[in-house]
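Scroll down for the structure; my scribbles are underneath it.
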Amino acid sequence: MTPFKLTEELLSQIGQLIENQQNSTLETMLEEVHYADIAEIINELNDEQATYLIKLLDSDKTSDVLTELDEDIREAILNNLSAKEIAGELEELDTDDAADIIGELPKEIVNEVISKIEDRDHAKDIVDLLRYDENSAGGLMAKELVKVRESWNVLTCVKEMRAQAENVTRVHSIYVVDDDDKLKGRLSLKDLLTTSTRSHISDVYIPKVDSVNVNEKPEEVAKIMSKYDLEAIPVVDEMGRLVGRITIDDIVDVIREEAERDYQMAAGISQDVEADDSIWDLTRARLPWLFLGLVGGVGAAAIMGGFEDMISKHAILFFFTPLIAAMAGNVGVQSSAIIVQGLANDDLKGGVGNRLIKEMLLATLNGLILAGVLLIFTWIYKGDFLTALAISISLVVVIIVAGLIGTFIPLFLDKRGIDPAIATGPFITTSNDIFGILIYFSIAKILLGI
């Protein structure tokens with residue numbers, strides 16, 4: 001199958017067909033196109049064209065398209081649909097996706113949309129999911145799953161599974177519960193097929209099954225599923241009752257969103273924004289960290305002002321200031337990035353003290369190698385060994401301190417329940433710039449006897 005590629009020519013052609021209301025041609029053109037590719041097309045259309053296309057296509061396809069659209073485009077389309085039309089789309093979706101879309105609707109029409117859903121069990125499940133915090137396993141799970149009771153025999157189990165599977169897009173696991181719906185284990189399809197129909201499920205099910213609580217954070221669910229290579233994981237409430245399941249496609253979205261959030265945080269963007277957002281939103285997201293950088297720059301300038309006499313006598317020290325500041329910032333970001341990655345993957349070993357000792361040894365080795373190169377260059381360039389030695393020793397100390405700061409701050413923030421990703425951005429760079437310049441000129445002043 002050839003990967004879909006959206007071109008300007010194709011987009012123009014679709015736009016023209018919509019303007020001319022050539023519905024049959026549009027339907028034929030998009031009949032075999034995957035819903036994710038249709039979403040890509042709609043994301044490039046204006047609101048009127050996008051709504052027209054959604055209304056034109058079959059509900060079983062457009063419902064999936066809605067889940068793939070950019071939030072702003074989806075909001076605009078939903079605003080142009082009636083409550084009945086929205087309800088029709090939601091009936092084709094799994095409960096988790098339907099709940100996500102309802103959560104984006106204006107509050108004044110939510111009840112009306114739910115009341116228009118003809119499948120009352122489906123509507124009840126959606127309402128149940130809306131009770132959970134969206135930043136929890138309960139807010140991430142779907143109600144569609146296949147479960148059997150441990151008291152059933154195999155024949156009854158197969159009949160019930162057939163009925164339940166009609167409402168499940170993909171059966172990842174068969175869960176076993178007791179008469180109170182408490183999760184007991186899982187059922188192997190192989191064991192089910194090779195066991196006598198008179199046997200009870202309690203005799204053949206596997207009691208070991210990984211599960212998560214409804215209040216678990218999505219990031220923790222992602223770690224568990226990644227660690228054990230799970231395609232789906234059951235969700236239980238405080239009483240251990242099976243209430244839903246989370247599938248790998250939802251976890252992929254969580255991982256992607258978390259990576260995007262951390263990347264923006266590391267770049268000094270304090271809010272979740274996109275390139276198409278308004279100038280005001282982008283300014284609010286960027287300005288806090290830019291202000292921090294301004295404060296850091298003013299602080300560094302003030303420190304240099306305190307060494308004005310020394311700089312006037314040894315002007316070469318001034319020319320190496322950007323190098324010292326850059327090395328401090330780079331080393332700090334490298335160290336913090338490794339720690340943040342380790343915290344995210346939950347694979348950091350040892351205590352804080354061990355991490356700091358290891359980072360100090362690593363920074364010392366790197367610092368000595370770089371300082372050796374700098375010493376030779378500065379000595380040849382300036383012809384003053386003492387000045388070259390002062391600059392080189394300063395570089396070693398700066399690298400060690402920057403590495404320690406870059407290691408300690410993410411660990412400290414994580415212990416305080418603060419996202420350590422903020423440590424990989426301007427926060428580390430700015431703090432290390434200030435400390436680096438202060439250490440640089442202080443050591444130079446001591447060694448040069450000024």
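Here, A, B, ... name the chains of the structure tokens in the order displayed, residue numbers run from 1 inside each chain, and ligands are numbered from 1 in the same displayed order.
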Leu411 in chain A: which residues within 9 Å, counting only C-alpha atoms, same-chain residues fewer than 5 positions away excluded, as a list of chain:residue names? A:Ser336, A:Ile339, A:Val340, A:Leu343, A:Val352, A:Arg416, A:Pro420
For Leu155 in chain A, work out the shell of residues within 7 Å, counting only C-alpha atoms and skipping chain neighbours fewer than 4 positions away, then give it as a VMD selection string. chain A and resid 159 197 to 198
Using C-alpha atoms, can you write the selected residues to a file as a short mmCIF file (atom, residue, chain, number, x, y, z; two decimals), in the first residue's frame?
data_model
loop_
_atom_site.label_atom_id
_atom_site.label_comp_id
_atom_site.auth_asym_id
_atom_site.auth_seq_id
_atom_site.Cartn_x
_atom_site.Cartn_y
_atom_site.Cartn_z
CA LYS A 159 -21.63 -17.55 24.29
CA THR A 197 -16.99 -27.17 27.62
CA ARG A 198 -18.16 -28.43 31.01
#
Using only C-alpha atoms, the shortest atom-to-atom distance to Gly139 in chain A among A:Ile41, A:Ala344, A:Val221, A:Val113 belongs to A:Val221
Would you please work out which residue, of A:His172, A:His122, A:Lys415, A:His200, is nearest to Asn153 in chain A when using only C-alpha atoms?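 Once distances to Asn153 in chain A are computed over only C-alpha atoms, the minimum belongs to A:His200.
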d(CA of Arg131 in chain A, CA of Arg149 in chain A) in Å: 26.4 Å
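If only C-alpha atoms are the atoms counted, then among A:Asp58, A:Glu104, A:Asp70, A:Glu91 the closest residue to Arg120 in chain A is A:Glu91.
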Write out as a PyMOL selection string all residues of range 79-188 of chain A that backbone DSSP assigns to strand (DSSP E or B). chain A and resi 142+146-149+153+174-177+182-187
By how many Å are CA of Asn20 in chain A and CA of Glu44 in chain A apart?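 According to the coordinates, CA of Asn20 in chain A and CA of Glu44 in chain A are separated by 18.2 Å.
CA of Ile434 in chain A to CA of Ile324 in chain A spans 10.3 Å [interatomic distance, one decimal].
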Select, from A:Lys358, A:Arg245, A:Lys124, A:Lys445, the residue with the minimum atom-to-atom distance to Gly306 in chain A, counting only C-alpha atoms.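 Of all the options, A:Lys445 lies closest to Gly306 in chain A.
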